[in-house]
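Undergrad: To be precise about what I am sending: the file is called run_36.txt and holds compact mmCIF, C-alpha atoms.
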```txt
# COMPACT_ATOMS: atom_id res chain seq x y z
CA MET L 21 -53.67 -15.27 -47.90
CA VAL L 22 -56.93 -14.95 -46.02
CA LEU L 23 -59.20 -12.60 -47.91
CA SER L 24 -61.62 -11.93 -45.07
CA ARG L 25 -61.22 -11.42 -41.36
CA PRO L 26 -63.29 -9.52 -38.80
CA GLY L 27 -61.46 -6.22 -39.30
CA TRP L 28 -64.44 -4.36 -40.69
CA ARG L 29 -66.73 -5.74 -37.99
CA ALA L 30 -64.28 -4.50 -35.36
CA ALA L 31 -64.22 -1.15 -37.12
CA ALA L 32 -67.98 -0.90 -36.70
CA VAL L 33 -67.59 -1.03 -32.92
CA SER L 34 -65.25 1.96 -32.94
CA LEU L 35 -67.28 3.81 -35.55
CA SER L 36 -70.27 3.53 -33.22
CA LEU L 37 -68.43 5.66 -30.69
CA LEU L 38 -68.36 8.50 -33.19
CA THR L 39 -72.15 8.84 -33.15
CA ALA L 40 -72.25 10.22 -29.63
CA VAL L 41 -70.23 13.39 -30.20
CA GLY L 42 -73.09 15.75 -31.01
CA THR L 43 -74.30 17.47 -34.15
CA VAL L 44 -71.65 20.10 -34.78
CA GLY L 45 -69.59 19.04 -37.77
CA LEU L 46 -66.57 21.25 -37.13
CA ALA L 47 -64.99 20.74 -33.73
CA PRO L 48 -62.25 23.14 -32.56
CA ALA L 49 -58.80 21.83 -33.41
CA ALA L 50 -56.40 21.95 -30.48
CA THR L 51 -53.46 23.17 -32.60
CA ALA L 52 -55.29 25.13 -35.29
CA HIS L 53 -53.24 27.91 -36.90
CA GLU L 54 -54.56 31.32 -37.98
CA ARG L 55 -54.85 30.17 -41.60
CA ASP L 56 -56.89 27.19 -40.47
CA HIS L 57 -59.35 29.57 -38.80
CA ARG L 58 -59.60 31.66 -41.96
CA ASP L 59 -60.22 28.52 -44.01
CA ARG L 60 -62.91 27.40 -41.57
CA ASP L 61 -64.70 30.71 -42.10
CA ARG L 62 -64.88 29.88 -45.81
CA VAL L 63 -66.25 26.37 -45.34
CA ARG L 64 -69.93 26.08 -46.27
CA VAL L 65 -72.52 23.44 -45.49
CA VAL L 66 -74.23 22.54 -48.79
CA ALA L 67 -76.40 19.61 -47.65
CA THR L 68 -77.95 18.60 -44.32
CA GLY L 69 -80.23 15.98 -42.78
CA LEU L 70 -78.54 13.05 -44.53
CA ASP L 71 -78.74 9.46 -43.29
CA ASN L 72 -75.27 7.95 -42.84
CA PRO L 73 -73.81 9.72 -45.93
CA ARG L 74 -70.78 8.04 -47.45
CA GLN L 75 -69.04 8.48 -50.80
CA MET L 76 -70.26 10.68 -53.63
CA SER L 77 -69.53 11.88 -57.16
CA PHE L 78 -70.29 14.67 -59.61
CA SER L 79 -72.25 14.29 -62.83
CA GLY L 80 -73.49 17.12 -65.03
CA GLY L 81 -72.44 19.68 -62.42
CA ALA L 82 -74.58 18.07 -59.71
CA LEU L 83 -73.26 16.24 -56.67
CA TYR L 84 -74.77 12.82 -55.92
CA VAL L 85 -74.43 11.48 -52.37
CA ALA L 86 -74.83 7.83 -51.37
CA GLU L 87 -76.80 7.55 -48.12
CA ALA L 88 -76.52 4.19 -46.37
CA GLY L 89 -79.90 4.80 -44.71
CA GLU L 90 -81.09 4.01 -41.21
CA GLY L 91 -81.99 0.32 -41.46
CA GLY L 92 -85.55 -0.71 -40.63
CA THR L 93 -87.48 -3.27 -38.59
CA ALA L 94 -86.93 -6.53 -40.50
CA ASP L 95 -84.42 -9.36 -40.10
CA CYS L 96 -83.02 -8.04 -36.82
CA ALA L 97 -79.90 -9.81 -35.59
CA ALA L 98 -76.99 -9.33 -33.22
CA GLY L 99 -74.25 -7.08 -34.58
CA PRO L 100 -70.82 -6.05 -33.27
CA GLU L 101 -72.26 -2.96 -31.54
CA GLY L 102 -75.80 -4.18 -30.81
CA ARG L 103 -78.80 -5.40 -32.75
CA VAL L 104 -79.04 -4.35 -36.38
CA CYS L 105 -82.13 -4.44 -38.57
CA PHE L 106 -82.87 -4.33 -42.27
CA GLY L 107 -85.04 -1.90 -44.16
CA LYS L 108 -85.25 -0.02 -47.43
CA SER L 109 -84.22 3.37 -46.10
CA GLY L 110 -81.12 4.02 -48.20
CA SER L 111 -81.13 6.78 -50.78
CA ILE L 112 -79.23 8.95 -53.22
CA THR L 113 -79.38 12.71 -52.83
CA ARG L 114 -78.66 15.24 -55.57
CA VAL L 115 -77.10 18.53 -54.46
CA THR L 116 -77.02 21.62 -56.69
CA ALA L 117 -76.82 25.38 -56.17
CA ARG L 118 -80.62 25.33 -55.90
CA GLY L 119 -80.66 22.90 -52.99
CA GLN L 120 -80.84 19.18 -52.29
CA ARG L 121 -83.35 16.47 -53.19
CA ARG L 122 -83.45 12.70 -52.83
CA VAL L 123 -83.64 11.33 -56.34
CA VAL L 124 -83.58 7.65 -55.33
CA THR L 125 -85.15 6.16 -52.21
CA GLY L 126 -85.92 2.67 -50.95
CA LEU L 127 -82.41 1.23 -51.19
CA PRO L 128 -81.38 -1.71 -48.93
CA SER L 129 -79.99 -0.70 -45.54
CA LEU L 130 -78.75 -2.32 -42.32
CA ALA L 131 -78.37 -0.17 -39.18
CA GLY L 132 -78.65 -0.10 -35.41
CA GLU L 133 -82.13 -1.19 -34.29
CA THR L 134 -82.85 1.80 -32.06
CA THR L 135 -80.39 4.40 -33.35
CA GLY L 136 -80.29 3.97 -37.12
CA ALA L 137 -76.55 4.55 -36.74
CA ASN L 138 -73.52 2.91 -38.35
CA ALA L 139 -75.57 1.92 -41.35
CA ILE L 140 -74.35 -0.34 -44.11
CA GLY L 141 -75.97 0.01 -47.50
CA ALA L 142 -75.39 2.49 -50.31
CA GLY L 143 -71.69 3.25 -50.03
CA ASP L 144 -70.85 4.87 -53.35
CA VAL L 145 -72.70 6.10 -56.43
CA LYS L 146 -71.99 7.07 -60.04
CA VAL L 147 -74.58 8.73 -62.28
CA TYR L 148 -74.74 8.47 -66.06
CA GLY L 149 -77.52 10.61 -67.50
CA HIS L 150 -80.76 9.22 -66.07
CA ARG L 151 -79.16 6.03 -64.78
CA TYR L 152 -77.02 5.31 -61.75
CA ALA L 153 -74.73 2.63 -60.40
CA VAL L 154 -74.70 2.06 -56.65
CA LEU L 155 -72.42 -0.07 -54.50
CA LEU L 156 -74.26 -1.77 -51.64
CA GLY L 157 -72.28 -3.02 -48.66
CA LEU L 158 -72.95 -5.88 -46.24
CA GLY L 159 -70.19 -6.28 -43.65
CA ALA L 160 -70.96 -9.95 -43.01
CA ASP L 161 -70.85 -13.45 -44.43
CA PRO L 162 -72.58 -13.15 -47.83
CA THR L 163 -74.25 -16.53 -47.33
CA SER L 164 -76.34 -14.79 -44.64
CA ARG L 165 -78.36 -13.07 -47.38
CA VAL L 166 -80.33 -16.24 -48.10
CA GLY L 167 -83.94 -16.41 -46.89
CA LYS L 168 -84.25 -12.79 -45.82
CA THR L 169 -86.68 -9.99 -46.65
CA PRO L 170 -86.78 -9.17 -50.39
CA GLY L 171 -84.06 -6.64 -51.13
CA TYR L 172 -81.62 -8.09 -48.61
CA GLU L 173 -80.06 -10.17 -51.40
CA LYS L 174 -78.99 -6.93 -53.11
CA LEU L 175 -76.49 -6.23 -50.32
CA ALA L 176 -72.85 -6.89 -51.28
CA THR L 177 -73.58 -6.12 -54.93
CA LEU L 178 -72.94 -3.53 -57.60
CA SER L 179 -76.38 -2.64 -58.93
CA THR L 180 -77.91 -0.17 -61.36
CA GLY L 181 -81.20 1.64 -61.73
CA ARG L 182 -82.92 4.74 -63.06
CA LEU L 183 -83.06 8.01 -61.15
CA GLY L 184 -86.48 8.34 -59.58
CA SER L 185 -86.87 4.58 -59.16
CA SER L 186 -85.74 2.18 -56.44
CA ARG L 187 -85.86 -0.84 -58.76
CA LEU L 188 -82.40 -2.36 -58.91
CA ARG L 189 -80.68 -4.71 -61.32
CA VAL L 190 -77.64 -6.55 -59.99
CA VAL L 191 -74.66 -6.06 -62.30
CA ALA L 192 -72.10 -7.91 -60.19
CA ASP L 193 -72.48 -9.99 -57.03
CA ILE L 194 -69.37 -9.09 -55.02
CA GLY L 195 -70.48 -11.30 -52.12
CA ALA L 196 -70.69 -14.33 -54.41
CA LYS L 197 -67.11 -13.66 -55.52
CA GLU L 198 -66.02 -13.66 -51.88
CA ILE L 199 -67.71 -17.03 -51.37
CA ARG L 200 -65.94 -18.49 -54.40
CA SER L 201 -62.49 -17.01 -53.78
CA ASN L 202 -61.90 -16.97 -50.03
CA PRO L 203 -59.66 -19.92 -49.11
CA GLU L 204 -61.20 -20.04 -45.62
CA PRO L 205 -64.92 -20.73 -46.12
CA THR L 206 -65.60 -20.37 -42.38
CA ASP L 207 -64.35 -16.75 -42.42
CA LEU L 208 -66.37 -15.09 -45.17
CA ASP L 209 -66.93 -11.33 -45.11
CA SER L 210 -67.84 -8.94 -47.91
CA ASN L 211 -68.40 -5.21 -47.63
CA PRO L 212 -67.95 -3.43 -50.97
CA VAL L 213 -67.67 0.30 -50.22
CA GLY L 214 -65.58 2.06 -52.89
CA LEU L 215 -66.44 2.36 -56.59
CA LEU L 216 -64.35 3.64 -59.51
CA SER L 217 -65.57 3.87 -63.08
CA THR L 218 -62.95 4.91 -65.63
CA GLY L 219 -65.28 4.80 -68.61
CA ARG L 220 -63.90 1.50 -69.84
CA SER L 221 -63.44 -0.33 -66.54
CA THR L 222 -65.13 -0.55 -63.15
CA TYR L 223 -63.26 -1.28 -59.93
CA VAL L 224 -64.57 -2.08 -56.45
CA ALA L 225 -62.86 -1.91 -53.05
CA ASP L 226 -64.21 -4.65 -50.76
CA ALA L 227 -63.40 -3.61 -47.19
CA GLY L 228 -64.58 -6.95 -45.81
CA GLY L 229 -62.63 -9.04 -48.30
CA ASN L 230 -59.45 -6.88 -48.23
CA THR L 231 -59.57 -7.01 -52.01
CA VAL L 232 -59.80 -4.77 -55.06
CA TYR L 233 -61.92 -6.24 -57.86
CA LYS L 234 -62.48 -5.40 -61.50
CA VAL L 235 -66.01 -5.83 -62.85
CA GLY L 236 -66.29 -6.75 -66.52
CA ARG L 237 -68.96 -5.66 -68.98
CA HIS L 238 -71.08 -8.75 -68.32
CA GLY L 239 -70.69 -8.65 -64.54
CA LYS L 240 -67.74 -11.01 -64.27
CA VAL L 241 -65.72 -10.17 -61.16
CA ARG L 242 -61.99 -10.81 -61.02
CA THR L 243 -59.39 -10.03 -58.38
CA VAL L 244 -56.99 -7.18 -59.15
CA ALA L 245 -55.18 -6.97 -55.81
CA VAL L 246 -55.29 -8.31 -52.26
CA LEU L 247 -53.80 -5.81 -49.84
CA PRO L 248 -51.42 -7.13 -47.17
CA SER L 249 -52.14 -7.06 -43.45
CA VAL L 250 -50.88 -4.19 -41.30
CA PRO L 251 -48.39 -4.74 -38.44
CA ALA L 252 -49.85 -3.68 -35.08
CA ALA L 253 -47.53 -3.53 -32.08
CA GLY L 254 -48.65 -5.90 -29.33
CA PHE L 255 -51.51 -7.29 -31.42
CA PRO L 256 -51.95 -9.69 -34.31
CA ASP L 257 -51.57 -8.04 -37.69
CA ALA L 258 -54.57 -5.89 -38.62
CA ASP L 259 -56.61 -6.29 -41.78
CA ALA L 260 -55.95 -3.90 -44.65
CA VAL L 261 -59.64 -2.89 -45.09
CA PRO L 262 -59.49 -1.08 -48.47
CA THR L 263 -62.06 1.69 -48.70
CA SER L 264 -61.65 3.60 -51.95
CA VAL L 265 -60.15 3.36 -55.44
CA ALA L 266 -59.06 6.37 -57.50
CA GLN L 267 -57.29 6.53 -60.84
CA GLY L 268 -54.15 8.63 -60.89
CA PRO L 269 -52.85 10.79 -63.74
CA ASP L 270 -50.46 7.95 -64.59
CA GLY L 271 -53.38 5.57 -65.16
CA ALA L 272 -52.58 3.45 -62.09
CA LEU L 273 -55.09 2.70 -59.34
CA TYR L 274 -54.65 4.25 -55.91
CA VAL L 275 -56.30 2.48 -52.99
CA SER L 276 -56.96 3.79 -49.47
CA GLN L 277 -57.26 1.67 -46.36
CA LEU L 278 -59.03 2.05 -43.03
CA THR L 279 -57.10 -0.83 -41.37
CA GLY L 280 -58.70 -3.23 -38.93
CA PHE L 281 -58.41 -3.49 -35.15
CA PRO L 282 -56.51 -1.98 -33.34
CA PHE L 283 -56.63 0.72 -36.05
CA PRO L 284 -53.00 1.79 -35.52
CA VAL L 285 -52.40 5.54 -35.70
CA GLY L 286 -50.19 6.17 -38.71
CA GLY L 287 -50.76 2.61 -39.89
CA SER L 288 -52.71 3.38 -43.07
CA SER L 289 -50.99 3.52 -46.43
CA ILE L 290 -52.15 4.55 -49.86
CA TRP L 291 -51.36 1.79 -52.30
CA ARG L 292 -50.48 2.12 -55.96
CA VAL L 293 -51.93 -0.78 -57.91
CA VAL L 294 -51.13 -1.73 -61.48
CA PRO L 295 -53.17 -4.75 -62.55
CA GLY L 296 -50.91 -7.76 -62.93
CA HIS L 297 -48.33 -6.42 -60.47
CA ALA L 298 -47.98 -6.48 -56.69
CA PRO L 299 -49.30 -3.38 -54.89
CA THR L 300 -46.68 -0.82 -53.81
CA ARG L 301 -46.90 1.87 -51.14
CA TYR L 302 -47.44 5.35 -52.56
CA ALA L 303 -47.68 7.13 -49.19
CA THR L 304 -47.60 6.08 -45.54
CA GLY L 305 -48.28 7.51 -42.09
CA LEU L 306 -52.01 8.08 -42.55
CA THR L 307 -54.76 6.94 -40.19
CA ASN L 308 -58.14 5.33 -40.92
CA VAL L 309 -58.53 6.61 -44.49
CA THR L 310 -61.99 6.27 -46.07
CA ASP L 311 -61.78 8.03 -49.45
CA LEU L 312 -59.42 9.50 -52.05
CA ALA L 313 -59.65 11.96 -54.94
CA PHE L 314 -57.18 13.44 -57.44
CA ASP L 315 -57.53 17.02 -58.65
CA ARG L 316 -56.76 18.15 -62.20
CA HIS L 317 -53.23 19.10 -61.15
CA GLY L 318 -52.49 15.56 -59.99
CA HIS L 319 -52.65 16.33 -56.27
CA LEU L 320 -54.16 13.53 -54.20
CA TYR L 321 -56.52 14.27 -51.31
CA ALA L 322 -57.53 11.81 -48.60
CA VAL L 323 -60.14 11.71 -45.85
CA GLN L 324 -59.15 10.34 -42.44
CA ILE L 325 -62.32 9.48 -40.53
CA ALA L 326 -60.33 9.56 -37.27
CA ALA L 327 -56.93 11.21 -37.63
CA ASN L 328 -56.14 10.37 -34.01
CA GLY L 329 -57.40 6.80 -34.39
CA LEU L 330 -60.79 5.14 -34.08
CA LEU L 331 -59.97 3.92 -30.58
CA ALA L 332 -60.06 7.56 -29.45
CA GLY L 333 -63.84 7.05 -29.32
CA GLU L 334 -65.79 10.25 -28.67
CA ALA L 335 -62.56 12.26 -28.88
CA ALA L 336 -61.90 11.03 -32.43
CA ARG L 337 -61.62 13.80 -35.00
CA GLY L 338 -61.12 13.40 -38.71
CA SER L 339 -59.44 15.49 -41.37
CA VAL L 340 -58.89 16.14 -45.05
CA VAL L 341 -55.25 16.02 -46.11
CA ARG L 342 -53.23 16.61 -49.25
CA VAL L 343 -51.05 13.55 -49.69
CA ARG L 344 -47.30 13.92 -50.16
CA PRO L 345 -46.14 11.04 -52.40
CA GLY L 346 -43.45 8.90 -50.82
CA HIS L 347 -43.80 10.60 -47.44
CA SER L 348 -45.25 9.73 -44.04
CA THR L 349 -46.36 13.27 -43.16
CA HIS L 350 -49.02 15.13 -45.09
CA THR L 351 -50.61 18.56 -45.37
CA THR L 352 -53.80 19.05 -43.38
CA ILE L 353 -56.41 20.97 -45.35
CA LEU L 354 -59.02 20.93 -42.59
CA GLY L 355 -59.07 19.08 -39.29
CA GLY L 356 -61.39 18.73 -36.33
CA LEU L 357 -64.12 17.06 -38.40
CA ILE L 358 -66.65 14.66 -36.88
CA ALA L 359 -66.80 11.38 -38.79
CA PRO L 360 -65.87 12.62 -42.27
CA TYR L 361 -66.04 9.93 -44.93
CA GLY L 362 -66.40 10.71 -48.66
CA ILE L 363 -64.70 13.31 -50.84
CA ALA L 364 -65.39 14.67 -54.32
CA LEU L 365 -63.55 17.53 -56.02
CA HIS L 366 -65.17 20.18 -58.21
CA ASP L 367 -64.45 23.76 -59.25
CA GLY L 368 -61.53 24.35 -56.87
CA ALA L 369 -63.19 22.87 -53.79
CA ALA L 370 -63.44 19.61 -51.89
CA TYR L 371 -66.89 18.35 -50.98
CA VAL L 372 -66.78 16.12 -47.90
CA THR L 373 -69.45 14.14 -46.07
CA ILE L 374 -69.42 14.43 -42.27
CA HIS L 375 -71.43 12.80 -39.48
CA ALA L 376 -71.21 9.78 -41.74
CA THR L 377 -72.29 7.31 -39.05
CA GLU L 378 -75.54 9.00 -37.99
CA LYS L 379 -79.09 9.19 -39.30
CA ASN L 380 -80.62 12.56 -40.16
CA ALA L 381 -77.45 14.37 -39.05
CA GLY L 382 -75.16 13.92 -42.04
CA GLN L 383 -73.88 16.93 -43.92
CA VAL L 384 -71.80 17.81 -46.95
CA LEU L 385 -69.17 20.53 -46.54
CA ARG L 386 -67.66 22.60 -49.34
CA ILE L 387 -64.01 23.28 -48.50
CA PRO L 388 -61.99 25.71 -50.69
CA LEU L 389 -58.63 24.30 -51.80
CA HIS L 390 -55.34 26.17 -52.03
CA HIS L 391 -52.32 25.10 -54.06
```
Rewrite the coordinates I just gave you, this time as structure tokens.
TA:
Amino acid sequence: MVLSRPGWRAAAVSLSLLTAVGTVGLAPAATAHERDHRDRDRVRVVATGLDNPRQMSFSGGALYVAEAGEGGTADCAAGPEGRVCFGKSGSITRVTARGQRRVVTGLPSLAGETTGANAIGAGDVKVYGHRYAVLLGLGADPTSRVGKTPGYEKLATLSTGRLGSSRLRVVADIGAKEIRSNPEPTDLDSNPVGLLSTGRSTYVADAGGNTVYKVGRHGKVRTVAVLPSVPAAGFPDADAVPTSVAQGPDGALYVSQLTGFPFPVGGSSIWRVVPGHAPTRYATGLTNVTDLAFDRHGHLYAVQIAANGLLAGEAARGSVVRVRPGHSTHTTILGGLIAPYGIALHDGAAYVTIHATEKNAGQVLRIPLHH
């Protein structure tokens, strides 16, 4: 099976259309019910001014947000939606009841040359005391990292550092694993975007490689699962494009998928993965899913960056849903969101990044949950 195809690069083209829809994070939903309006009144913005915010996590009661940055002025090259440039503009922001503050700056970032949009860089973060682990994406052939500006080689890696410092130590080179494992060396693509740490094990979702990896204590990377392609009527099968890994109450891994072009509406599944066994579908009928999270009751929540499909362009609206296991229809918690991406659960609420493809416009919403 081919581990890498241009699905994520095609996704970037459609994601770029989401950056032109303005700065209001909650767009009116065409079929919103009265309860939806009441829930919207209770939604609060807890962080603003973020640069391409993606996934996030809680530690010590604080929320840490991975910001992919806004690129820079170095190593400019043609990208799927225009020229992209490299810079050290990525960051990690800590959000508490007292406000927000960037606690790490200077992380590697690739983004649109003139817009700073659709950045690739810090995609997920975990914090352990004064140290952090950050997953840095790439969305390209990992051999392209050679000979670039210092820091570029950190893309497509799992790296660690200390809060307050931008110095990084590479723990695992996900891009190098793609180079070694892909059976088609002319079609290399690595874009690690989703990170799970269970305390004993670390797992990575590589959207470019369509693969879930396990990272060992000494940085050894091994394949846990390769997700199958997605049927797309009238088109070649789409890539799986895994985006997030969560551990369920049963100990199994649950993996979301964006899907590649043509991003079929209802074509995303959530996969249940038990290492050593073939992946099985846990839920179907979702669209362009970017992140997952279980609550303490075992309910699974998912973010759809474009519930009506990425090809809807400026009309695309995302949502947060509660997943119904074994079903193809799911409960919408909040819809009408502009480019939502990451989700973290805490104290009876879902925290969700929106405007995730724009610089200086990203926000985090706090959404009360009902059971």
Undergrad: Which residue is closest to Leu156 in chain L? Choose from L:Val191, L:Val265, L:Ile374, L:Ala336 and count only C-alpha atoms.
TA: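 Nearest candidate to Leu156 in chain L out of L:Val191, L:Val265, L:Ile374, L:Ala336: L:Val191.
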Undergrad: For the point (-76.2, 6.4, -48.1) in file coordinates, what residues are within 6 Å, counting all atoms listed in the file? Give the answer as a list in words?
TA: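 It turns out the residues near that spot are Asn72, Pro73, Arg74, Ala86, Glu87, Ala88, Gly89, Gly110, Ser111, Ala142 and Gly143 of chain L.
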Undergrad: Hey, what's within 9 Å of Val63 in chain L if we count only C-alpha atoms and toss same-chain stuff fewer than 5 positions away? As number ranges by chain, please?
TA: L: 385-388
Undergrad: So, with all atoms listed in the file as the atoms that count, which of L:Val244, L:Val285, L:Leu330, L:Ile325 lies closest to Pro299 in chain L?
TA: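 Under the stated criterion, the closest residue is L:Val244.
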Undergrad: Kindly extract all protein, DNA and RNA residues lying within 12 Å of the coordinates (-61.2, 0.2, -69.0) given in the file, considering only C-alpha atoms, and supply them as a list in words.
TA: Leu216, Ser217, Thr218, Gly219, Arg220, Ser221, Thr222, Tyr223, Lys234, Val235, Gly236, Arg237, Gln267, Gly271, Ala272, Leu273 and Pro295 of chain L
Undergrad: Using all atoms listed in the file, find the one residue out of L:Ser249, L:Thr180, L:Asn138, L:Thr377 that sits nearest to His150 in chain L.
TA: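 Checking each of L:Ser249, L:Thr180, L:Asn138, L:Thr377 against His150 in chain L, counting all atoms listed in the file, the winner is L:Thr180.
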Undergrad: Quote the spacing between CA of Pro162 in chain L and CA of Asp257 in chain L in Å to one decimal place.
TA: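 Atom-to-atom, CA of Pro162 in chain L to CA of Asp257 in chain L, that is 23.9 Å.
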Undergrad: Compile the contact shell of Phe314 in chain L as an NGL selection string: residues with an atom at most 8 Å away, counting all atoms listed in the file, same-chain residues fewer than 3 positions apart removed.
TA: :L and (266-268 or 317-321 or 365)
Undergrad: Would you pick out the contacts of Glu133 in chain L at 8 Å or less, using only C-alpha atoms, so that residues sharing its chain but fewer than 5 positions from it are not included, and give the list as a list in words?
TA: Gly91, Gly92, Thr93, Cys96, Gly102, Arg103, Val104 and Cys105 of chain L
Undergrad: Give me, as a ChimeraX atom specification, all polymer residues having an atom no more than 12 Å from Tyr361 in chain L, counting all atoms listed in the file and skipping those fewer than 6 positions away in the same chain.
TA: /L:35,72-76,85-87,143-144,213-214,263-264,276,278,308-312,322-327,337-340,371-378,382-385
Undergrad: Excluding same-chain residues fewer than 5 positions from range 241-243 of chain L, what lies within 8 Å of it counting all atoms listed in the file, as a list in words?
TA: Ala192, Asp193, Ile194, Lys197, Thr231, Val232, Tyr233, Lys234, Val235 and Gly236 of chain L
Undergrad: Give me, please, the distance in Å between CA of Leu130 in chain L and CA of Gly107 in chain L, quoted to one decimal.
TA: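 Interatomic distance here is 6.6 Å.
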Undergrad: So how many Å separate CA of Pro248 in chain L and CA of Leu331 in chain L, to one decimal?
TA: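 CA of Leu331 in chain L lies at a distance of 21.7 Å from CA of Pro248 in chain L.
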Undergrad: Using only C-alpha atoms, which residue out of L:Arg189, L:Arg316, L:Phe281, L:Gly229 lies closest to Pro269 in chain L?
TA: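 Among the listed residues, L:Arg316 lies closest to Pro269 in chain L.
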Undergrad: Which of these, L:Val294, L:Ala227, L:Arg342, L:Gly239, has the shortest distance to Thr279 in chain L once you count all atoms listed in the file?
TA: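 Once distances to Thr279 in chain L are computed over all atoms listed in the file, the minimum belongs to L:Ala227.
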Undergrad: Tell me which of L:Thr68, L:Thr169, L:Thr135, L:Thr349 sits closest to Gln120 in chain L, counting all atoms listed in the file.
TA: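 Counting all atoms listed in the file, the residue closest to Gln120 in chain L is L:Thr68.
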